[in-house]
>>> print(open('run-v1.txt').read())   # compact mmCIF, C-alpha atoms
# COMPACT_ATOMS: atom_id res chain seq x y z
CA MET A 1 20.11 -8.31 21.24
CA GLY A 2 20.26 -5.43 18.87
CA CYS A 3 19.49 -4.06 15.47
CA PHE A 4 22.23 -2.92 13.17
CA ASN A 5 20.31 -1.14 10.47
CA ILE A 6 17.07 -0.91 8.57
CA TYR A 7 16.10 -0.23 4.99
CA ILE A 8 12.66 0.43 3.53
CA PHE A 9 12.31 0.07 -0.23
CA ASN A 10 9.38 0.76 -2.52
CA ARG A 11 8.41 -1.22 -5.60
CA GLN A 12 10.65 0.90 -7.83
CA GLY A 13 13.66 -0.20 -5.80
CA VAL A 14 14.10 3.25 -4.30
CA CYS A 15 15.25 3.20 -0.72
CA ILE A 16 12.73 5.51 0.91
CA PHE A 17 14.21 5.21 4.37
CA SER A 18 17.35 3.84 5.95
CA HIS A 19 18.92 4.15 9.32
CA ALA A 20 21.93 2.59 11.03
CA TRP A 21 21.99 2.22 14.80
CA PHE A 22 25.28 0.44 14.86
CA ARG A 23 27.48 0.09 11.86
CA PRO A 24 31.19 0.05 12.55
CA LYS A 25 31.98 -0.78 8.97
CA SER A 26 31.46 2.42 7.06
CA VAL A 27 29.38 2.46 3.91
CA LYS A 28 32.38 3.83 2.05
CA ALA A 29 34.38 0.73 2.85
CA GLY A 30 31.58 -1.46 1.54
CA ALA A 31 29.57 -0.34 -1.44
CA GLY A 32 31.37 2.98 -1.84
CA SER A 33 28.34 5.22 -1.63
CA GLN A 34 25.02 5.37 0.06
CA GLU A 35 23.20 4.76 -3.24
CA GLY A 36 25.46 1.85 -4.04
CA ASP A 37 24.75 0.38 -0.64
CA HIS A 38 20.98 0.68 -1.15
CA LYS A 39 21.18 -0.79 -4.60
CA GLN A 40 23.24 -3.75 -3.42
CA MET A 41 20.80 -4.48 -0.65
CA PHE A 42 17.86 -4.27 -3.01
CA GLY A 43 19.60 -6.52 -5.52
CA LEU A 44 20.33 -9.03 -2.79
CA ILE A 45 16.76 -9.36 -1.54
CA TRP A 46 15.38 -9.35 -5.06
CA THR A 47 17.66 -12.07 -6.30
CA LEU A 48 17.36 -14.12 -3.17
CA GLY A 49 13.57 -13.93 -3.44
CA ASN A 50 13.82 -15.19 -7.00
CA PHE A 51 16.07 -18.07 -6.07
CA CYS A 52 13.86 -19.08 -3.18
CA ALA A 53 10.78 -19.26 -5.39
CA THR A 54 12.66 -21.18 -8.05
CA LEU A 55 14.06 -23.75 -5.64
CA ASP A 56 10.79 -24.22 -3.73
CA PRO A 57 10.43 -28.01 -3.34
CA LYS A 58 6.74 -27.80 -2.48
CA ASP A 59 5.38 -25.60 -5.22
CA PRO A 60 4.30 -27.74 -8.21
CA SER A 61 4.47 -24.77 -10.58
CA LYS A 62 8.08 -23.88 -9.99
CA PRO A 63 8.80 -20.69 -11.89
CA GLN A 64 11.98 -20.65 -13.91
CA LEU A 65 14.70 -18.45 -12.53
CA GLY A 66 14.19 -14.91 -13.70
CA THR A 67 10.72 -15.39 -15.18
CA PRO A 68 8.42 -12.50 -14.40
CA ARG A 69 6.04 -13.09 -11.52
CA LYS A 70 2.89 -11.45 -10.23
CA ILE A 71 2.63 -10.14 -6.70
CA GLY A 72 2.20 -12.94 -4.22
CA GLN A 73 3.27 -15.65 -6.63
CA GLY A 74 5.80 -18.11 -5.32
CA CYS A 75 7.11 -18.41 -1.79
CA LYS A 76 8.83 -15.67 0.17
CA PHE A 77 12.01 -15.77 2.17
CA ARG A 78 11.85 -14.24 5.61
CA SER A 79 15.39 -14.13 6.85
CA PHE A 80 18.88 -15.43 6.42
CA THR A 81 21.62 -15.74 8.97
CA THR A 82 25.35 -15.35 8.64
CA ASN A 83 27.96 -15.88 11.34
CA ASN A 84 27.82 -12.14 11.98
CA TYR A 85 24.29 -10.91 11.54
CA LYS A 86 20.76 -11.89 10.63
CA CYS A 87 18.85 -10.24 7.81
CA ASN A 88 15.07 -10.13 8.31
CA PHE A 89 12.82 -9.38 5.39
CA LEU A 90 9.16 -8.58 4.76
CA GLU A 91 7.42 -7.62 1.56
CA VAL A 92 3.81 -6.41 1.44
CA PRO A 93 1.57 -6.51 -1.66
CA SER A 94 1.85 -2.77 -2.21
CA GLY A 95 5.53 -3.31 -2.93
CA ILE A 96 6.96 -1.93 0.31
CA LYS A 97 9.94 -4.00 1.43
CA LEU A 98 11.35 -3.90 4.93
CA VAL A 99 14.87 -5.12 5.66
CA LEU A 100 16.09 -5.23 9.24
CA ASN A 101 19.58 -6.42 10.04
CA THR A 102 19.89 -7.73 13.56
CA HIS A 103 22.07 -9.66 15.89
CA ARG A 104 22.31 -13.21 14.60
CA GLU A 105 20.62 -14.80 17.60
CA ALA A 106 17.42 -12.87 16.99
CA PRO A 107 14.27 -15.05 16.98
CA ASP A 108 11.82 -15.19 14.09
CA LEU A 109 10.91 -11.58 13.48
CA SER A 110 8.21 -11.94 10.81
CA ASP A 111 5.47 -10.83 13.19
CA VAL A 112 7.59 -7.98 14.47
CA LEU A 113 8.23 -6.74 10.93
CA GLN A 114 4.56 -7.11 10.10
CA SER A 115 3.55 -4.97 13.05
CA LEU A 116 6.32 -2.53 12.27
CA TYR A 117 4.58 -2.05 8.93
CA ASP A 118 1.03 -2.11 10.36
CA ASP A 119 1.49 0.08 13.39
CA ILE A 120 4.52 2.23 12.70
CA PHE A 121 5.04 2.68 8.97
CA VAL A 122 1.36 3.06 8.08
CA GLU A 123 0.52 5.19 11.09
CA TYR A 124 3.49 7.55 11.02
CA VAL A 125 4.49 7.64 7.38
CA VAL A 126 1.59 6.76 5.10
CA LYS A 127 -0.82 8.87 7.13
CA ASN A 128 1.56 11.78 7.35
CA PRO A 129 0.22 14.42 4.97
CA THR A 130 3.72 15.57 4.08
CA TYR A 131 4.73 12.11 2.92
CA ASN A 132 4.83 11.90 -0.82
CA PRO A 133 4.05 8.27 -1.71
CA GLY A 134 7.04 6.54 -3.23
CA GLN A 135 9.51 9.28 -2.28
CA PRO A 136 12.27 9.09 0.33
CA PHE A 137 11.26 10.66 3.61
CA THR A 138 12.66 11.71 6.95
CA SER A 139 10.43 11.97 9.96
CA GLU A 140 11.44 12.51 13.52
CA GLN A 141 8.12 11.16 14.70
CA PHE A 142 8.60 7.97 12.74
CA MET A 143 12.14 7.59 14.04
CA ASN A 144 10.97 7.99 17.65
CA ALA A 145 8.13 5.55 17.17
CA LEU A 146 10.49 3.10 15.48
CA ASN A 147 12.99 3.28 18.32
CA ALA A 148 10.27 2.86 20.91
CA PHE A 149 8.82 -0.06 19.00
CA LEU A 150 12.14 -1.87 18.67
CA ARG A 151 12.96 -1.25 22.31
CA GLN A 152 9.58 -2.65 23.27
CA ASN A 153 10.40 -5.77 21.30
CA GLY A 154 13.76 -6.10 22.99
CA LEU A 155 15.73 -5.25 19.88
CA LEU A 156 17.56 -2.13 20.97
CA GLN A 157 18.58 -2.99 24.51
CA GLN A 158 22.19 -3.94 24.21
CA GLN A 159 23.04 -1.16 21.86
CA GLN A 160 25.23 0.59 24.38
CA ILE A 161 27.02 -2.60 25.30
CA MET A 162 27.70 -3.35 21.69
CA GLN A 163 28.89 0.15 21.08
CA ALA A 164 31.18 -0.05 24.09
CA ALA A 165 32.57 -3.34 22.87
CA ALA A 166 33.32 -1.98 19.42
CA MET B 1 -11.79 7.02 4.36
CA LEU B 2 -13.67 7.28 7.61
CA ARG B 3 -10.46 7.67 9.45
CA SER B 4 -8.57 10.48 11.07
CA GLY B 5 -4.84 10.86 11.59
CA PRO B 6 -2.50 8.82 13.75
CA THR B 7 -3.56 8.37 17.31
CA GLY B 8 -0.17 7.76 18.79
CA ALA B 9 -1.51 4.65 20.46
CA ARG B 10 0.41 1.59 19.49
CA ASN B 11 -1.19 -1.79 18.88
CA ALA B 12 -4.58 -0.21 18.37
CA PRO B 13 -5.81 -1.70 15.13
CA ALA B 14 -9.45 -0.75 15.64
CA LEU B 15 -10.59 1.74 13.07
CA GLU B 16 -11.50 5.14 14.28
CA GLN B 17 -14.84 6.19 12.94
CA ILE B 18 -16.47 9.46 12.21
CA ASN B 19 -20.12 10.30 12.15
CA ALA B 20 -21.54 9.26 8.79
CA GLU B 21 -23.53 12.44 8.38
CA VAL B 22 -20.52 14.65 8.96
CA PHE B 23 -18.70 12.57 6.38
CA THR B 24 -21.52 12.81 3.85
CA LEU B 25 -21.92 16.54 4.30
CA THR B 26 -18.17 17.15 4.10
CA TYR B 27 -18.00 15.25 0.86
CA GLY B 28 -21.00 17.15 -0.44
CA SER B 29 -19.39 20.48 0.26
CA ILE B 30 -16.18 19.38 -1.48
CA VAL B 31 -18.17 18.54 -4.58
CA ARG B 32 -20.06 21.82 -4.31
CA GLN B 33 -16.79 23.75 -4.02
CA LEU B 34 -15.30 21.98 -7.03
CA ILE B 35 -18.35 22.86 -9.09
CA SER B 36 -18.05 26.51 -8.24
CA ASP B 37 -14.27 26.49 -8.76
CA TYR B 38 -14.23 24.75 -12.11
CA GLU B 39 -17.64 25.63 -13.52
CA ASP B 40 -17.32 22.70 -15.88
CA ILE B 41 -18.88 19.38 -14.95
CA GLU B 42 -16.45 17.28 -16.96
CA GLU B 43 -13.56 18.96 -15.19
CA VAL B 44 -15.21 18.36 -11.80
CA ASN B 45 -15.57 14.67 -12.64
CA LYS B 46 -11.91 14.57 -13.52
CA GLN B 47 -10.85 16.36 -10.35
CA LEU B 48 -12.92 14.05 -8.16
CA GLU B 49 -11.33 11.06 -9.81
CA GLN B 50 -7.88 12.52 -9.30
CA MET B 51 -8.58 13.23 -5.63
CA GLY B 52 -9.73 9.66 -5.21
CA TYR B 53 -6.64 8.36 -6.96
CA ASN B 54 -4.40 10.26 -4.56
CA MET B 55 -6.33 8.77 -1.66
CA GLY B 56 -6.18 5.29 -3.13
CA ILE B 57 -2.41 5.12 -3.42
CA ARG B 58 -2.11 5.81 0.30
CA LEU B 59 -5.19 3.99 1.44
CA VAL B 60 -3.93 0.69 0.09
CA ASP B 61 -1.20 0.52 2.71
CA GLU B 62 -3.61 1.19 5.51
CA PHE B 63 -5.96 -1.41 4.12
CA LEU B 64 -3.26 -4.06 3.79
CA ALA B 65 -2.09 -3.33 7.32
CA LYS B 66 -5.54 -3.49 8.89
CA ALA B 67 -6.94 -6.35 6.85
CA LYS B 68 -3.77 -8.45 7.24
CA ILE B 69 -3.73 -9.35 3.58
CA SER B 70 -0.51 -10.75 2.30
CA ARG B 71 -1.26 -11.45 -1.34
CA CYS B 72 -3.61 -10.41 -4.09
CA SER B 73 -2.60 -12.54 -6.99
CA SER B 74 -5.65 -12.67 -9.25
CA PHE B 75 -7.92 -9.92 -10.40
CA ARG B 76 -10.92 -12.03 -9.41
CA ASP B 77 -9.82 -12.38 -5.79
CA THR B 78 -8.81 -8.76 -5.65
CA ALA B 79 -12.23 -7.57 -6.81
CA ASP B 80 -13.78 -9.68 -4.06
CA VAL B 81 -11.45 -8.23 -1.48
CA VAL B 82 -12.39 -4.71 -2.55
CA ALA B 83 -16.10 -5.48 -2.41
CA LYS B 84 -16.19 -7.59 0.75
CA GLN B 85 -13.38 -6.17 2.85
CA ALA B 86 -12.25 -2.75 1.72
CA LEU B 87 -15.64 -1.14 1.16
CA PRO B 88 -17.03 -2.38 4.51
CA MET B 89 -13.90 -1.19 6.27
CA PHE B 90 -13.82 2.33 4.90
CA LEU B 91 -17.40 3.05 3.87
CA ASN B 92 -19.39 0.59 5.93
CA VAL B 93 -21.14 -0.85 2.88
CA THR B 94 -20.66 -4.06 0.96
CA ALA B 95 -20.81 -4.51 -2.76
CA ASN B 96 -21.58 -7.44 -4.98
CA VAL B 97 -19.16 -8.44 -7.69
CA THR B 98 -21.13 -9.36 -10.80
CA ASN B 99 -21.25 -9.23 -14.58
CA TRP B 100 -17.89 -10.81 -15.19
CA SER B 101 -16.83 -10.62 -18.78
CA PRO B 102 -15.99 -14.04 -20.30
CA ASP B 103 -12.25 -13.31 -20.27
CA GLN B 104 -12.37 -12.33 -16.58
CA THR B 105 -10.98 -8.87 -17.13
CA GLU B 106 -14.10 -6.85 -16.48
CA CYS B 107 -16.54 -6.88 -13.64
CA SER B 108 -18.98 -4.63 -11.83
CA LEU B 109 -19.15 -3.64 -8.21
CA VAL B 110 -22.80 -3.13 -7.40
CA LEU B 111 -23.80 -1.08 -4.38
CA THR B 112 -27.33 -0.52 -3.27
CA ASP B 113 -26.37 1.79 -0.47
CA ASN B 114 -23.86 4.58 -0.76
CA PRO B 115 -23.14 6.88 2.17
CA LEU B 116 -21.43 9.40 -0.10
CA ALA B 117 -24.73 10.17 -1.76
CA ASP B 118 -27.12 10.28 1.18
CA PHE B 119 -29.29 13.42 1.14
CA VAL B 120 -28.18 14.19 -2.41
CA GLU B 121 -30.36 15.18 -5.32
CA LEU B 122 -28.87 16.08 -8.66
CA PRO B 123 -30.45 19.12 -10.29
CA ASP B 124 -31.01 18.82 -14.03
CA GLU B 125 -28.18 21.18 -14.91
CA TYR B 126 -25.73 18.75 -13.25
CA ARG B 127 -27.02 15.62 -14.95
CA GLU B 128 -23.53 14.84 -16.19
CA LEU B 129 -21.95 15.06 -12.76
CA ARG B 130 -20.49 11.78 -11.54
CA TYR B 131 -21.10 12.56 -7.94
CA CYS B 132 -19.29 9.54 -6.52
CA ASN B 133 -16.36 9.68 -8.91
CA VAL B 134 -13.96 9.91 -5.99
CA LEU B 135 -14.67 6.24 -5.34
CA ALA B 136 -13.70 5.28 -8.87
CA GLY B 137 -10.41 7.09 -8.30
CA VAL B 138 -9.78 5.38 -4.98
CA VAL B 139 -10.23 1.95 -6.53
CA ARG B 140 -7.99 2.81 -9.47
CA GLY B 141 -5.26 4.21 -7.20
CA ALA B 142 -5.35 1.35 -4.75
CA LEU B 143 -5.27 -1.34 -7.42
CA GLU B 144 -2.44 0.39 -9.22
CA MET B 145 -0.34 -0.07 -6.11
CA VAL B 146 -0.80 -3.83 -6.36
CA ASN B 147 0.27 -3.79 -10.01
CA MET B 148 -3.19 -3.86 -11.53
CA GLU B 149 -3.96 -1.10 -13.92
CA VAL B 150 -7.72 -0.73 -14.09
CA GLU B 151 -10.18 1.60 -15.66
CA CYS B 152 -13.11 2.49 -13.39
CA ARG B 153 -16.30 4.16 -14.44
CA TRP B 154 -19.80 4.48 -13.11
CA VAL B 155 -22.33 2.84 -15.38
CA SER B 156 -25.37 3.19 -13.12
CA ASP B 157 -26.01 5.81 -10.54
CA MET B 158 -29.06 6.01 -8.32
CA LEU B 159 -28.76 9.79 -8.38
CA ARG B 160 -29.61 9.62 -12.06
CA GLY B 161 -32.55 7.32 -11.52
CA ASP B 162 -30.88 3.91 -11.93
CA ASP B 163 -31.78 1.29 -9.36
CA CYS B 164 -28.26 0.73 -8.02
CA TYR B 165 -24.76 2.12 -8.11
CA GLU B 166 -22.64 0.13 -10.51
CA LEU B 167 -18.91 0.71 -10.81
CA ARG B 168 -17.43 -1.02 -13.82
CA LEU B 169 -13.84 -2.20 -13.45
CA LYS B 170 -11.80 -3.06 -16.48
CA LEU B 171 -8.40 -4.63 -16.02
CA LYS B 172 -6.12 -3.06 -18.58
CA GLU B 173 -2.88 -4.61 -17.46
CA HIS B 174 -1.81 -6.93 -14.68
CA ARG B 175 1.86 -6.10 -14.46
CA ASP B 176 4.62 -8.44 -13.39
CA GLU B 177 7.06 -7.57 -10.71
CA LYS B 178 10.19 -6.60 -12.52
CA PHE B 179 13.66 -5.67 -11.46
CA PRO B 180 13.67 -1.89 -11.59
CA TYR B 181 17.36 -1.45 -12.44
CA LYS B 182 19.25 -2.28 -15.56
CA ASP B 183 22.05 -4.81 -15.11
CA ASP B 184 24.74 -2.35 -16.04
CA ASP B 185 23.85 0.59 -13.83
>>> encode(input="run-v1.txt", output="structure tokens")
Amino acid sequence: MGCFNIYIFNRQGVCIFSHAWFRPKSVKAGAGSQEGDHKQMFGLIWTLGNFCATLDPKDPSKPQLGTPRKIGQGCKFRSFTTNNYKCNFLEVPSGIKLVLNTHREAPDLSDVLQSLYDDIFVEYVVKNPTYNPGQPFTSEQFMNALNAFLRQNGLLQQQQIMQAAA
Amino acid sequence: MLRSGPTGARNAPALEQINAEVFTLTYGSIVRQLISDYEDIEEVNKQLEQMGYNMGIRLVDEFLAKAKISRCSSFRDTADVVAKQALPMFLNVTANVTNWSPDQTECSLVLTDNPLADFVELPDEYRELRYCNVLAGVVRGALEMVNMEVECRWVSDMLRGDDCYELRLKLKEHRDEKFPYKDDD
């Protein structure tokens, strides 16, 4: 089990943090640039979220595709799986969006992402006095805590094996 | 607000607390310092509000994380959450939400107890000081982060002889989530 990469976006669609643990396909070969990569990812989760709310079979007030919504309106998607990877997603009301790409056999990670936000992001980033809300950041402390957290949840164990196999 | 920095301990959601008197006195000396720095009460009010705003835009994430709240869709519910969950969590007081305007865009948070203002007396020369203005800023900042643009002002203040603290919230705009990029860029 392993994580490939993580993105954290704010409400303005700015990627405030990203990290790749294992990414054999270079960003250049994909989106062309780092910014392009971030923008594509943001566009994907945004659009997918819209589609999910529009297609919701249980919500009697189905919003039309593309109509503006308030925070918390409509249902939320949590993950999607491809034959290669699984994309896990969490959005909190303050507009922070977490995207974690993992091994496709990963279990439901909604609780893990929630505690990543509660215990790691809030503790090490929001409470860091040098963090400028809404701006991209780098923090060694956050990175260490993130690695420890993912390892604790069994999400970084086979990294070496995967790297060796690549 | 009654919180110090990260503890390093994981999975420790309990709020750290500080002694209420230390908190009250610290706040008092901040206000005192602002008065001597700016020498203009209106400017002090403005600075306090701005300080609160800066706190609010960070505090909201901590609040959402600790209170496990996943949506705040209506202004009405949000006002209740502020009064019944956020104020107890950070200030150890509760407020009542009253005086709703007919169109549901204005309401008042009424506090009868306010730890910020314990031991405080306003001298006559500072009658115009909004001593607790930091709180108005916190609420404005925090609600802005959930897409609600509000105007907050104190309409009653026990320090000025009213019988409660009343913070008036006016919802100016409840913004939609919108795609931040243009299609062609």
>>> residues_near_point(input="run-v1.txt", point="(-23.5, 1.8, -12.7)", cutoff="10 Å", atoms="all atoms listed in the file", output="list of chain:residue names")
B:Ser108, B:Leu109, B:Val110, B:Leu111, B:Arg153, B:Trp154, B:Val155, B:Ser156, B:Asp157, B:Met158, B:Arg160, B:Asp162, B:Asp163, B:Cys164, B:Tyr165, B:Glu166, B:Leu167, B:Arg168
>>> atom_distance(input="run-v1.txt", atom1="atom CA of Met41 of chain A", atom2="atom CA of Gln135 of chain A")
17.9 Å
>>> atom_distance(input="run-v1.txt", atom1="atom CA of Leu90 of chain A", atom2="atom CA of Gln34 of chain A")
21.6 Å
>>> interface_residues(input="run-v1.txt", of="chain B", to="chain A", cutoff="7 Å", atoms="only C-alpha atoms", output="list in words")
Gly5, Pro6, Arg10, Asn11, Arg58, Asp61, Glu62, Ala65, Lys66, Ser70, Arg71, Cys72, Ser73, Met145, Val146, Arg175, Asp176, Glu177, Lys178 and Pro180 of chain B
>>> residues_near_point(input="run-v1.txt", point="(18.2, -10.5, 4.0)", cutoff="7 Å", atoms="all atoms listed in the file", output="list in words")
Ile45, Ser79, Phe80, Cys87, Asn88, Phe89 and Val99 of chain A
>>> atom_distance(input="run-v1.txt", atom1="atom CA of Val150 of chain B", atom2="atom CA of Cys132 of chain B")
17.2 Å
>>> residues_around(input="run-v1.txt", residues="Val81 of chain B", least_positions_apart="5", cutoff="10 Å", atoms="all atoms listed in the file", output="list in words")
Ala67, Ile69, Cys72, Phe75, Arg76, Ala86, Leu87 and Val97 of chain B
>>> closest_residue(input="run-v1.txt", among="B:Gly56, B:Phe179, B:Thr78, B:Gly28", to="Gly49 of chain A", atoms="all atoms listed in the file")
B:Phe179
>>> closest_residue(input="run-v1.txt", among="A:Glu35, A:Gln152, A:Thr54, A:Asp108", to="Ile16 of chain A", atoms="only C-alpha atoms")
A:Glu35
>>> closest_residue(input="run-v1.txt", among="B:Asn19, B:Gln50, B:Ser74, B:Thr24", to="Leu135 of chain B", atoms="only C-alpha atoms")
B:Gln50
